[in-house]
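Listing of query.cif, mmCIF, C-alpha atoms
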data_structure
#
loop_
_atom_site.label_atom_id
_atom_site.label_comp_id
_atom_site.auth_asym_id
_atom_site.auth_seq_id
_atom_site.Cartn_x
_atom_site.Cartn_y
_atom_site.Cartn_z
CA MET D 210 -4.42 242.73 -156.05
CA ASN D 211 -7.64 244.67 -156.51
CA GLU D 212 -9.47 241.49 -157.32
CA SER D 213 -8.07 239.87 -154.22
CA GLU D 214 -9.20 242.81 -152.09
CA ASN D 215 -12.66 242.55 -153.61
CA ASN D 216 -12.73 238.89 -152.79
CA PHE D 217 -11.70 239.61 -149.24
CA GLU D 218 -14.39 242.24 -149.07
CA SER D 219 -17.08 239.71 -149.92
CA LEU D 220 -15.49 237.28 -147.47
CA ARG D 221 -15.62 239.93 -144.77
CA ARG D 222 -19.25 240.55 -145.54
CA LEU D 223 -19.84 236.84 -145.17
CA LEU D 224 -17.92 236.77 -141.91
CA ALA D 225 -20.21 239.52 -140.64
CA LEU D 226 -22.83 236.79 -140.38
CA LYS D 227 -21.06 235.52 -137.31
CA ARG D 228 -21.81 238.76 -135.49
CA HIS D 229 -25.47 237.82 -135.66
CA GLU D 230 -24.90 234.55 -133.80
CA ILE D 231 -26.14 235.25 -130.31
CA PRO D 232 -26.51 233.02 -127.24
CA PRO D 233 -29.99 232.19 -125.89
CA PRO D 234 -31.99 235.15 -124.52
CA GLY D 235 -31.12 236.06 -120.94
CA TYR D 236 -27.89 234.10 -121.08
CA PHE D 237 -25.74 236.98 -119.89
CA ASN D 238 -28.13 237.92 -117.07
CA ASN D 239 -26.87 235.05 -114.92
CA PHE D 240 -23.37 234.73 -116.28
CA SER D 241 -21.52 236.93 -113.79
CA GLY D 242 -23.54 235.48 -110.90
CA GLN D 243 -22.48 231.99 -111.90
CA VAL D 244 -18.84 233.04 -112.11
CA VAL D 245 -18.92 234.69 -108.68
CA SER D 246 -20.72 231.74 -107.06
CA ARG D 247 -18.16 229.35 -108.55
CA ILE D 248 -15.36 231.52 -107.17
CA ARG D 249 -17.04 231.48 -103.73
CA ALA D 250 -17.54 227.70 -103.86
CA GLY D 251 -13.92 227.23 -104.88
CA GLU D 252 -12.68 229.43 -102.05
CA THR D 253 -14.76 227.52 -99.49
CA ALA D 254 -13.52 224.15 -100.73
CA GLU D 255 -9.97 225.43 -100.81
CA THR D 256 -10.22 226.74 -97.25
CA ARG D 257 -11.51 223.37 -96.04
CA GLU D 258 -8.82 221.53 -97.89
CA ILE D 259 -6.09 223.80 -96.56
CA ALA D 260 -7.41 223.49 -92.99
CA GLY D 261 -7.36 219.71 -93.26
CA LEU D 262 -3.87 219.54 -94.67
CA SER D 263 -2.29 222.51 -92.89
CA TRP D 264 -0.21 220.36 -90.52
CA LEU D 265 1.03 218.26 -93.41
CA LEU D 266 1.89 221.34 -95.45
CA LYS D 267 3.83 222.84 -92.53
CA PHE D 268 5.63 219.55 -92.06
CA LEU D 269 6.63 219.42 -95.73
CA GLN D 270 7.63 223.07 -95.69
CA VAL D 271 10.13 222.32 -92.91
CA PHE D 272 11.65 219.64 -95.12
CA GLU D 273 11.86 222.03 -98.03
CA ALA D 274 13.49 224.69 -95.91
CA LYS D 275 16.05 222.36 -94.26
CA PRO D 276 16.95 219.21 -96.19
CA ALA D 277 18.92 217.95 -93.18
CA PHE D 278 15.61 217.43 -91.39
CA ALA D 279 14.46 215.24 -94.23
CA GLY D 280 17.58 213.09 -93.86
CA ALA D 281 17.18 212.88 -90.11
CA PHE D 282 13.54 211.95 -90.48
CA ALA D 283 14.40 209.22 -92.98
CA CYS D 284 17.12 207.83 -90.68
CA SER D 285 14.78 207.73 -87.71
CA LEU D 286 12.17 205.94 -89.82
CA CYS D 287 14.76 203.34 -90.87
CA LEU D 288 15.83 202.86 -87.25
CA LEU D 289 12.23 202.38 -86.15
CA LEU D 290 11.70 199.87 -88.93
CA LEU D 291 14.82 197.92 -87.89
CA LEU D 292 13.78 197.88 -84.25
CA GLY D 293 10.33 196.78 -85.27
CA ILE D 294 11.76 193.85 -87.18
CA LEU D 295 14.10 192.87 -84.35
CA TYR D 296 11.45 193.02 -81.67
CA ALA D 297 8.71 191.48 -83.75
CA GLU D 298 7.18 188.42 -82.16
CA GLY D 299 7.87 185.08 -83.79
CA PRO D 300 5.14 182.67 -84.92
CA ASP D 301 5.18 180.84 -81.58
CA GLY D 302 4.59 184.03 -79.68
CA THR D 303 8.10 184.20 -78.23
CA PRO D 304 10.09 187.36 -78.75
CA LYS D 305 13.25 186.94 -80.73
CA ALA D 306 15.36 188.70 -78.21
CA THR D 307 17.82 185.85 -78.38
CA PHE D 308 18.61 186.98 -81.88
CA LEU D 309 20.12 190.12 -80.42
CA ALA D 310 22.06 188.09 -77.91
CA ALA D 311 23.29 185.82 -80.65
CA LEU D 312 24.39 188.81 -82.64
CA THR D 313 26.45 190.03 -79.74
CA GLN D 314 28.11 186.58 -79.37
CA PRO D 315 28.52 185.28 -82.89
CA ALA D 316 31.83 183.49 -82.32
CA VAL D 317 30.49 181.03 -79.75
CA SER D 318 27.43 180.12 -81.74
CA LEU D 319 29.46 179.75 -84.86
CA ALA D 320 31.86 177.42 -83.14
CA ASP D 321 28.94 175.31 -81.93
CA ALA D 322 27.53 175.06 -85.40
CA THR D 323 30.70 174.28 -87.25
CA SER D 324 31.89 171.63 -84.83
CA PRO D 325 28.98 169.41 -83.99
CA VAL D 326 31.30 166.96 -82.27
CA LEU D 327 31.89 169.49 -79.57
CA SER D 328 28.24 169.69 -78.70
CA PRO D 329 26.72 166.24 -79.10
CA ALA D 330 24.03 166.75 -76.45
CA PRO D 331 21.06 167.56 -78.74
CA ALA D 332 21.76 164.58 -80.93
CA GLN D 333 21.94 162.34 -77.90
CA GLN D 334 18.62 163.62 -76.65
CA GLY D 335 17.03 162.71 -79.99
CA LEU D 336 15.98 166.23 -80.89
CA MET D 337 15.92 167.77 -84.30
CA VAL D 338 18.95 169.97 -84.73
CA SER D 339 18.27 173.28 -86.31
CA THR D 340 20.28 174.21 -89.37
CA ASN D 341 20.41 177.73 -88.07
CA PRO D 342 23.32 177.78 -85.67
CA VAL D 343 22.38 181.06 -84.10
CA PHE D 344 19.20 179.98 -82.39
CA SER D 345 19.51 177.69 -79.40
CA LEU D 346 16.32 177.92 -77.44
CA GLU D 347 16.98 174.77 -75.42
CA PRO D 348 13.32 173.92 -74.90
CA ASP D 349 14.03 170.78 -72.93
CA ALA D 350 16.04 172.54 -70.33
CA ALA D 351 13.41 175.12 -69.85
CA LEU D 352 10.63 172.55 -69.63
CA PHE D 353 12.55 170.33 -67.26
CA GLY D 354 13.48 173.34 -65.26
CA GLN D 355 9.85 174.22 -64.93
CA GLN D 356 8.93 170.64 -64.04
CA ASN D 357 11.63 170.40 -61.40
CA SER D 358 10.53 173.58 -59.77
CA LEU D 359 6.93 172.35 -59.77
CA VAL D 360 7.92 169.07 -58.12
CA GLN D 361 9.87 170.96 -55.50
CA LEU D 362 6.88 173.20 -54.89
CA GLN D 363 4.52 170.28 -54.58
CA SER D 364 6.82 168.41 -52.15
CA SER D 365 7.12 171.47 -49.97
CA LEU D 366 3.39 171.96 -49.81
CA VAL D 367 2.23 168.36 -49.47
CA GLN D 368 2.70 166.97 -45.99
CA PRO D 369 2.67 163.21 -45.28
CA VAL D 370 -0.57 162.14 -43.65
CA SER D 371 -0.52 159.62 -40.82
CA LEU D 372 -3.92 157.97 -40.36
CA PRO D 373 -4.73 156.64 -36.92
CA GLY D 374 -5.77 153.19 -38.28
CA ASN D 375 -2.40 152.52 -39.81
CA MET A 287 -8.73 248.98 -146.78
CA ALA A 288 -11.93 249.20 -144.86
CA GLU A 289 -11.78 249.45 -141.10
CA PRO A 290 -13.22 246.58 -139.12
CA ALA A 291 -16.79 246.87 -138.01
CA ALA A 292 -17.59 248.47 -134.72
CA ARG A 293 -17.54 246.32 -131.62
CA GLN A 294 -20.65 244.46 -130.70
CA ASP A 295 -21.08 245.41 -127.11
CA SER A 296 -21.14 248.60 -125.16
CA GLU A 297 -18.35 251.12 -125.38
CA SER A 298 -15.26 250.73 -123.21
CA PRO A 299 -15.61 251.84 -119.61
CA ALA A 300 -13.64 254.72 -118.16
CA PRO A 301 -10.12 253.50 -117.34
CA VAL A 302 -10.10 255.07 -113.88
CA ASP A 303 -13.19 253.15 -112.89
CA GLU A 304 -11.69 249.98 -114.20
CA GLU A 305 -8.47 250.49 -112.26
CA GLU A 306 -10.46 251.03 -109.09
CA LEU A 307 -12.51 247.91 -109.74
CA VAL A 308 -9.37 245.88 -110.38
CA ARG A 309 -7.80 247.21 -107.18
CA ARG A 310 -10.87 246.27 -105.16
CA ALA A 311 -11.12 242.86 -106.82
CA ARG A 312 -7.48 242.18 -105.98
CA ARG A 313 -8.36 242.74 -102.34
CA GLY A 314 -11.01 240.03 -102.69
CA ASP A 315 -14.04 242.24 -103.32
CA LEU A 316 -16.30 239.93 -105.32
CA GLY A 317 -18.79 242.73 -105.93
CA ALA A 318 -16.16 244.67 -107.82
CA TYR A 319 -15.19 241.58 -109.75
CA ASP A 320 -18.82 240.97 -110.62
CA ASP A 321 -18.82 244.43 -112.26
CA LEU A 322 -15.69 243.58 -114.22
CA VAL A 323 -17.22 240.30 -115.41
CA ARG A 324 -20.35 242.14 -116.57
CA ARG A 325 -18.23 244.56 -118.58
CA TYR A 326 -16.33 241.92 -120.51
CA GLN A 327 -18.52 238.83 -120.48
CA GLU A 328 -19.96 239.38 -123.95
CA ARG A 329 -16.63 240.01 -125.62
CA ILE A 330 -14.89 237.11 -123.92
CA TYR A 331 -17.75 234.75 -124.61
CA ALA A 332 -17.91 235.83 -128.27
CA THR A 333 -14.19 235.32 -128.82
CA ILE A 334 -14.31 231.83 -127.38
CA TYR A 335 -17.51 231.00 -129.23
CA HIS A 336 -16.04 232.05 -132.58
CA MET A 337 -13.00 229.90 -131.85
CA THR A 338 -14.95 226.79 -130.83
CA SER A 339 -18.25 227.15 -132.72
CA ASN A 340 -19.84 225.53 -129.70
CA HIS A 341 -22.04 227.34 -127.18
CA GLU A 342 -21.56 224.88 -124.32
CA ASP A 343 -17.78 224.86 -124.66
CA ALA A 344 -17.76 228.63 -124.92
CA ASN A 345 -19.85 228.92 -121.77
CA ASP A 346 -17.55 226.64 -119.76
CA LEU A 347 -14.36 228.20 -121.07
CA ALA A 348 -15.59 231.75 -120.53
CA GLN A 349 -16.55 231.02 -116.93
CA GLU A 350 -13.24 229.25 -116.29
CA SER A 351 -11.34 232.14 -117.83
CA PHE A 352 -12.99 234.64 -115.48
CA ILE A 353 -12.37 232.36 -112.50
CA LYS A 354 -8.73 231.91 -113.45
CA ALA A 355 -8.36 235.65 -113.94
CA PHE A 356 -9.71 236.28 -110.44
CA GLN A 357 -7.31 233.75 -108.95
CA ALA A 358 -4.41 235.30 -110.88
CA LEU A 359 -5.34 238.92 -110.14
CA LYS A 360 -2.54 239.22 -107.58
CA SER A 361 -0.03 238.51 -110.34
CA PHE A 362 -1.54 241.20 -112.57
CA LYS A 363 1.03 243.98 -112.49
CA GLY A 364 -0.86 246.45 -114.63
CA GLY A 365 1.73 246.43 -117.43
CA SER A 366 -1.09 246.00 -119.93
CA SER A 367 -4.75 246.86 -119.56
CA PHE A 368 -6.95 244.49 -117.62
CA TYR A 369 -8.93 243.94 -120.79
CA THR A 370 -5.87 242.74 -122.77
CA TRP A 371 -4.71 240.59 -119.86
CA LEU A 372 -8.15 239.00 -119.54
CA TYR A 373 -8.26 238.34 -123.26
CA ARG A 374 -4.89 236.59 -123.08
CA ILE A 375 -6.13 234.27 -120.36
CA ALA A 376 -9.27 233.42 -122.33
CA VAL A 377 -7.37 232.90 -125.58
CA ASN A 378 -4.70 230.68 -123.99
CA LYS A 379 -7.34 228.64 -122.23
CA THR A 380 -9.29 228.19 -125.45
CA ILE A 381 -6.25 227.23 -127.51
CA ASN A 382 -5.19 224.68 -124.89
CA PHE A 383 -8.70 223.26 -124.90
CA LEU A 384 -8.75 222.99 -128.69
CA LYS A 385 -5.35 221.33 -128.75
CA GLN A 386 -6.47 218.74 -126.24
CA ARG A 387 -9.63 218.07 -128.19
CA LYS A 388 -7.64 217.95 -131.45
CA ASN A 389 -9.91 217.27 -134.42
CA ARG A 390 -12.90 216.03 -132.46
CA THR A 391 -15.00 219.05 -133.32
CA HIS A 392 -18.68 219.25 -132.57
CA MET A 393 -20.54 222.37 -133.56
CA SER A 394 -23.32 223.69 -131.37
CA LEU A 395 -24.20 226.94 -133.04
CA ASN A 396 -26.16 229.82 -131.60
CA ASP A 397 -29.23 231.07 -133.38
CA LEU A 398 -28.98 234.08 -135.66
CA ASP A 399 -30.60 237.22 -134.38
CA PHE A 400 -33.48 238.99 -136.10
CA ASN A 401 -31.19 241.58 -137.70
CA ALA A 402 -29.39 238.97 -139.80
CA GLU A 403 -32.37 238.69 -142.12
CA HIS A 404 -32.33 242.43 -142.64
CA ASP A 405 -28.61 242.89 -143.19
CA PRO A 406 -28.36 244.20 -146.77
CA ASP A 407 -24.80 242.91 -147.24
CA LEU A 408 -25.79 239.42 -146.23
CA MET A 409 -28.95 239.52 -148.29
CA ALA A 410 -26.99 240.57 -151.33
CA LEU A 411 -24.65 237.68 -150.77
CA ILE A 412 -27.37 235.08 -150.35
CA SER A 413 -29.98 236.20 -152.86
CA ASP A 414 -27.65 235.33 -155.72
CA LYS A 415 -27.12 231.87 -154.35
CA THR A 416 -30.44 230.62 -153.10
CA PRO A 417 -34.04 231.68 -153.53
CA ARG A 418 -34.97 230.52 -149.98
CA ARG A 419 -33.40 233.14 -147.80
CA GLU A 420 -33.96 231.60 -144.37
CA ALA A 421 -32.61 228.20 -145.35
CA GLY A 422 -29.75 229.98 -147.07
CA LEU A 423 -28.72 231.85 -143.93
CA THR A 424 -28.67 228.73 -141.77
CA GLU A 425 -26.76 226.81 -144.39
CA LEU A 426 -24.33 229.66 -144.82
CA GLN A 427 -23.82 229.86 -141.06
CA GLU A 428 -22.92 226.17 -140.88
CA LYS A 429 -20.57 226.34 -143.85
CA LEU A 430 -18.89 229.42 -142.47
CA ASN A 431 -18.31 227.85 -139.06
CA ALA A 432 -17.06 224.62 -140.62
CA ALA A 433 -14.61 226.62 -142.72
CA MET A 434 -13.43 228.53 -139.64
CA LEU A 435 -12.76 225.27 -137.83
CA LYS A 436 -10.50 224.15 -140.67
CA LEU A 437 -8.11 227.01 -139.90
CA SER A 438 -5.30 226.59 -137.39
CA GLU A 439 -5.96 228.18 -133.98
CA PRO A 440 -3.77 231.28 -134.46
CA HIS A 441 -5.28 231.99 -137.88
CA ARG A 442 -8.80 231.42 -136.62
CA LEU A 443 -8.13 233.71 -133.70
CA VAL A 444 -6.94 236.54 -135.91
CA VAL A 445 -10.03 236.27 -138.11
CA ALA A 446 -12.34 236.07 -135.09
CA LEU A 447 -10.78 239.08 -133.40
CA HIS A 448 -10.40 241.29 -136.46
CA ASP A 449 -13.07 240.42 -139.00
CA VAL A 450 -15.75 239.30 -136.57
CA GLN A 451 -15.14 241.29 -133.41
CA GLY A 452 -13.54 244.31 -134.95
CA LEU A 453 -10.36 244.61 -132.90
CA SER A 454 -7.45 246.55 -134.39
CA HIS A 455 -4.20 244.93 -135.47
CA ASP A 456 -2.45 246.58 -132.56
CA GLU A 457 -4.88 245.22 -129.99
CA ILE A 458 -4.62 241.73 -131.50
CA ALA A 459 -0.84 241.91 -131.44
CA LYS A 460 -0.96 242.73 -127.72
CA ILE A 461 -3.38 239.91 -127.02
CA MET A 462 -1.42 237.36 -129.03
CA ASP A 463 1.90 238.70 -127.78
CA CYS A 464 3.37 239.09 -131.27
CA ASN A 465 4.13 241.99 -133.61
CA ILE A 466 1.67 243.66 -135.95
CA GLY A 467 3.37 242.23 -139.02
CA THR A 468 2.66 238.71 -137.80
CA VAL A 469 -0.98 239.62 -137.23
CA ARG A 470 -1.28 241.03 -140.75
CA SER A 471 0.37 238.04 -142.40
CA ARG A 472 -1.75 235.62 -140.42
CA LEU A 473 -4.87 237.52 -141.34
CA PHE A 474 -3.96 237.49 -145.02
CA TYR A 475 -3.22 233.78 -145.02
CA ALA A 476 -6.38 232.96 -143.05
CA ARG A 477 -8.53 234.96 -145.46
CA GLN A 478 -6.97 233.18 -148.41
CA GLN A 479 -7.70 229.84 -146.80
CA LEU A 480 -11.28 230.81 -146.01
CA GLN A 481 -11.79 232.09 -149.50
CA GLY A 482 -10.80 228.70 -150.83
CA PHE A 483 -13.09 226.85 -148.44
CA LEU A 484 -16.05 229.12 -149.15
CA SER A 485 -15.55 229.72 -152.86
CA ASP A 486 -19.03 228.35 -153.66
CA TYR A 487 -20.60 231.02 -151.47
CA LEU A 488 -18.52 233.99 -152.46
CA GLY A 489 -19.58 234.14 -156.09
CA PRO A 490 -17.43 234.37 -159.22
CA THR A 491 -14.33 236.52 -159.09
#
Please render this file's structure as structure tokens.
Amino acid sequence: MNESENNFESLRRLLALKRHEIPPPGYFNNFSGQVVSRIRAGETAETREIAGLSWLLKFLQVFEAKPAFAGAFACSLCLLLLLGILYAEGPDGTPKATFLAALTQPAVSLADATSPVLSPAPAQQGLMVSTNPVFSLEPDAALFGQQNSLVQLQSSLVQPVSLPGN
Amino acid sequence: MAEPAARQDSESPAPVDEEELVRRARRGDLGAYDDLVRRYQERIYATIYHMTSNHEDANDLAQESFIKAFQALKSFKGGSSFYTWLYRIAVNKTINFLKQRKNRTHMSLNDLDFNAEHDPDLMALISDKTPRREAGLTELQEKLNAAMLKLSEPHRLVVALHDVQGLSHDEIAKIMDCNIGTVRSRLFYARQQLQGFLSDYLGPT
């Protein structure tokens, strides 16, 4: 035991060498100043960050306080997304409002699709029949309708001219 | 058993003054906190340095410890002294850093001061080993730090706080949040380990 203590004593004398290890001269003169300036810089950055995100933080705090608001917010987002999909414009620039109409009258459209014999008109007109029974844009009718109205307009505006030589 | 050597830096400040400084710093008074940093900067730096054996790491960790302490001042209830609380922050930060770094150790040792060459204990230790005293001191310093780094963090901490910095077992127990018996056993085991690592420099038994 005594021997061990003596050994520890010489070890402790050796460890005393570490007390003589000192940082570069003047190191501690600026140390506290650096700490304080880093604290100040951190506070400034934090203030800016908080100011920029304050509205978001308040918003999230409301969710934390009342989870029902979070559910309501999620539902409204889903509803908006659904409406956005339904009212999105198709590739030809026409709104798919007919989709809504078709949804409200599914039985009629379904009947048309399942019994093509009952509605032979498109085949007779030589048009491509869509495999989707819901959509029935009837482009011909609309075009002809437009043409007919144009012809009527032209005939009402154009008066017959009677030349004196004839 | 010999008492640990006296502390390196100036004597402890009056507790009343410290309490007042802590109170003011808690209210955001950076001037007061600057005073507190000046009081403990040497001790905190030294503890971290003796744990890492790297000046740059010790500098960064010491600064971060003081910054973290300032940010956490509102949670300081005064159950322990500010000094013990600050030490805990620095020690935890250093141990976390060392665990992240694992075994990738890189020593960046500070120079020895002028007094090292005139320390009779050290001279007695070296003169038997090497005829070139200056080279012997530097070599000894490197071997000693390398041996310290071989210890686990808790064992290294106990040696650094007790045998190098001169803190009492009681103070170390408060800092490490353990009982005095644990501190003593850790110190004994750490010394045994160091003795094995440094047997070439400690002379025949």
Check which residues satisfy the PyMOL selection byres ((chain A) within 7 of (chain D)) in the file shown, then give them as a count of residues only.
20
Restricting the calculation to only C-alpha atoms: of A:Gln327, A:Thr333, A:Thr338, A:Asn345, which residue gets closest to Lys436 (chain A)?
A:Thr338
Give as a list in words the residues that the PyMOL selection byres ((chain A and resi 362) around 12) matches when applied to the coordinates above.
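So the PyMOL selection byres ((chain A and resi 362) around 12), applied here, picks out Glu305, Val308, Arg309, Ala311, Arg312, Lys354, Ala355, Phe356, Gln357, Ala358, Leu359, Lys360, Ser361, Lys363, Gly364, Gly365, Ser366, Ser367, Phe368, Tyr369, Thr370, Trp371, Leu372, Arg374 and Ile375 of chain A.
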Let's have the selection written as a PDB file, in the frame of the given file, with C-alpha atoms.
ATOM      1  CA  GLU A 305      -8.470 250.490-112.260  1.00  0.00           C
ATOM      2  CA  VAL A 308      -9.370 245.880-110.380  1.00  0.00           C
ATOM      3  CA  ARG A 309      -7.800 247.210-107.180  1.00  0.00           C
ATOM      4  CA  ALA A 311     -11.120 242.860-106.820  1.00  0.00           C
ATOM      5  CA  ARG A 312      -7.480 242.180-105.980  1.00  0.00           C
ATOM      6  CA  LYS A 354      -8.730 231.910-113.450  1.00  0.00           C
ATOM      7  CA  ALA A 355      -8.360 235.650-113.940  1.00  0.00           C
ATOM      8  CA  PHE A 356      -9.710 236.280-110.440  1.00  0.00           C
ATOM      9  CA  GLN A 357      -7.310 233.750-108.950  1.00  0.00           C
ATOM     10  CA  ALA A 358      -4.410 235.300-110.880  1.00  0.00           C
ATOM     11  CA  LEU A 359      -5.340 238.920-110.140  1.00  0.00           C
ATOM     12  CA  LYS A 360      -2.540 239.220-107.580  1.00  0.00           C
ATOM     13  CA  SER A 361      -0.030 238.510-110.340  1.00  0.00           C
ATOM     14  CA  LYS A 363       1.030 243.980-112.490  1.00  0.00           C
ATOM     15  CA  GLY A 364      -0.860 246.450-114.630  1.00  0.00           C
ATOM     16  CA  GLY A 365       1.730 246.430-117.430  1.00  0.00           C
ATOM     17  CA  SER A 366      -1.090 246.000-119.930  1.00  0.00           C
ATOM     18  CA  SER A 367      -4.750 246.860-119.560  1.00  0.00           C
ATOM     19  CA  PHE A 368      -6.950 244.490-117.620  1.00  0.00           C
ATOM     20  CA  TYR A 369      -8.930 243.940-120.790  1.00  0.00           C
ATOM     21  CA  THR A 370      -5.870 242.740-122.770  1.00  0.00           C
ATOM     22  CA  TRP A 371      -4.710 240.590-119.860  1.00  0.00           C
ATOM     23  CA  LEU A 372      -8.150 239.000-119.540  1.00  0.00           C
ATOM     24  CA  ARG A 374      -4.890 236.590-123.080  1.00  0.00           C
ATOM     25  CA  ILE A 375      -6.130 234.270-120.360  1.00  0.00           C
TER      26      ILE A 375
END
So for region 369-386 of chain A, what box centre and size do we get, axis-aligned, 6 Å extra on each of the six sides, every listed atom, Å to one decimal, as JSON?
{"center_x": -7.0, "center_y": 231.3, "center_z": -124.1, "size_x": 16.6, "size_y": 37.2, "size_z": 21.2}
Enumerate, as an NGL selection string, the residues matched when the PyMOL selection byres ((chain A and resi 440) around 12) is run on the file above.
:A and (337 or 377-378 or 380-382 or 384-385 or 434-439 or 441-447 or 458-459 or 461-464 or 468-473 or 475-476)
With C-alpha atoms retained, write the just-selected residues as a tab-separated table (two decimals), in the coordinates of the input.
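Output saved as out-v9.tsv:
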chain	number	residue	atom	x	y	z
A	337	MET	CA	-13.00	229.90	-131.85
A	377	VAL	CA	-7.37	232.90	-125.58
A	378	ASN	CA	-4.70	230.68	-123.99
A	380	THR	CA	-9.29	228.19	-125.45
A	381	ILE	CA	-6.25	227.23	-127.51
A	382	ASN	CA	-5.19	224.68	-124.89
A	384	LEU	CA	-8.75	222.99	-128.69
A	385	LYS	CA	-5.35	221.33	-128.75
A	434	MET	CA	-13.43	228.53	-139.64
A	435	LEU	CA	-12.76	225.27	-137.83
A	436	LYS	CA	-10.50	224.15	-140.67
A	437	LEU	CA	-8.11	227.01	-139.90
A	438	SER	CA	-5.30	226.59	-137.39
A	439	GLU	CA	-5.96	228.18	-133.98
A	441	HIS	CA	-5.28	231.99	-137.88
A	442	ARG	CA	-8.80	231.42	-136.62
A	443	LEU	CA	-8.13	233.71	-133.70
A	444	VAL	CA	-6.94	236.54	-135.91
A	445	VAL	CA	-10.03	236.27	-138.11
A	446	ALA	CA	-12.34	236.07	-135.09
A	447	LEU	CA	-10.78	239.08	-133.40
A	458	ILE	CA	-4.62	241.73	-131.50
A	459	ALA	CA	-0.84	241.91	-131.44
A	461	ILE	CA	-3.38	239.91	-127.02
A	462	MET	CA	-1.42	237.36	-129.03
A	463	ASP	CA	1.90	238.70	-127.78
A	464	CYS	CA	3.37	239.09	-131.27
A	468	THR	CA	2.66	238.71	-137.80
A	469	VAL	CA	-0.98	239.62	-137.23
A	470	ARG	CA	-1.28	241.03	-140.75
A	471	SER	CA	0.37	238.04	-142.40
A	472	ARG	CA	-1.75	235.62	-140.42
A	473	LEU	CA	-4.87	237.52	-141.34
A	475	TYR	CA	-3.22	233.78	-145.02
A	476	ALA	CA	-6.38	232.96	-143.05
Length of the CA of Met409 (chain A) to CA of Leu426 (chain A) vector [Å]
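Calculated distance between CA of Met409 (chain A) and CA of Leu426 (chain A) is 11.4 Å.
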CA of Ala332 (chain A) to CA of Gln451 (chain A): how many Å, to one decimal?
8.0 Å
For Leu347 (chain A): contacts at 9 Å, all atoms listed in the file, fewer than 4 positions along chain excluded, given as a VMD selection string
chain A and resid 331 334 342 to 343 351 to 352 376 379 to 380 383
Kindly give the distance, in Å, that separates CA of Ala433 (chain A) and CA of Leu484 (chain A), rounded to a single decimal.
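Atom-to-atom, CA of Ala433 (chain A) and CA of Leu484 (chain A) are spaced 7.0 Å apart.
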For a quick check of understanding, using all atoms listed in the file, which of A:Arg387, A:Lys429, A:Arg310, A:His392 has the smallest distance to Ser339 (chain A)?
A:His392
Please write a file for region 366-398 of chain A, taken from the block I just shared, that holds C-alpha atoms and is laid out as a tab-separated table (two decimals), in the first residue's frame.
chain	number	residue	atom	x	y	z
A	366	SER	CA	-25.90	24.86	-6.13
A	367	SER	CA	-23.34	27.60	-6.53
A	368	PHE	CA	-23.05	29.28	-9.90
A	369	TYR	CA	-19.51	27.98	-10.10
A	370	THR	CA	-20.59	24.32	-9.73
A	371	TRP	CA	-23.46	24.83	-12.17
A	372	LEU	CA	-21.14	26.40	-14.73
A	373	TYR	CA	-18.66	23.58	-14.32
A	374	ARG	CA	-21.41	21.04	-14.97
A	375	ILE	CA	-22.35	22.74	-18.22
A	376	ALA	CA	-18.73	22.83	-19.38
A	377	VAL	CA	-18.07	19.23	-18.38
A	378	ASN	CA	-21.23	17.89	-20.06
A	379	LYS	CA	-20.48	19.84	-23.20
A	380	THR	CA	-16.92	18.53	-23.29
A	381	ILE	CA	-17.93	14.91	-22.68
A	382	ASN	CA	-20.55	15.11	-25.43
A	383	PHE	CA	-17.95	16.58	-27.76
A	384	LEU	CA	-15.46	13.83	-26.97
A	385	LYS	CA	-18.07	11.13	-27.46
A	386	GLN	CA	-18.98	12.51	-30.86
A	387	ARG	CA	-15.35	12.70	-31.86
A	388	LYS	CA	-14.74	9.19	-30.47
A	389	ASN	CA	-11.12	8.15	-30.93
A	390	ARG	CA	-10.18	10.77	-33.49
A	391	THR	CA	-7.89	12.61	-31.13
A	392	HIS	CA	-5.59	15.35	-32.23
A	393	MET	CA	-3.39	17.01	-29.67
A	394	SER	CA	-2.65	20.70	-29.90
A	395	LEU	CA	-0.74	21.35	-26.72
A	396	ASN	CA	-0.07	24.67	-25.08
A	397	ASP	CA	3.48	25.71	-24.34
A	398	LEU	CA	4.91	25.18	-20.89
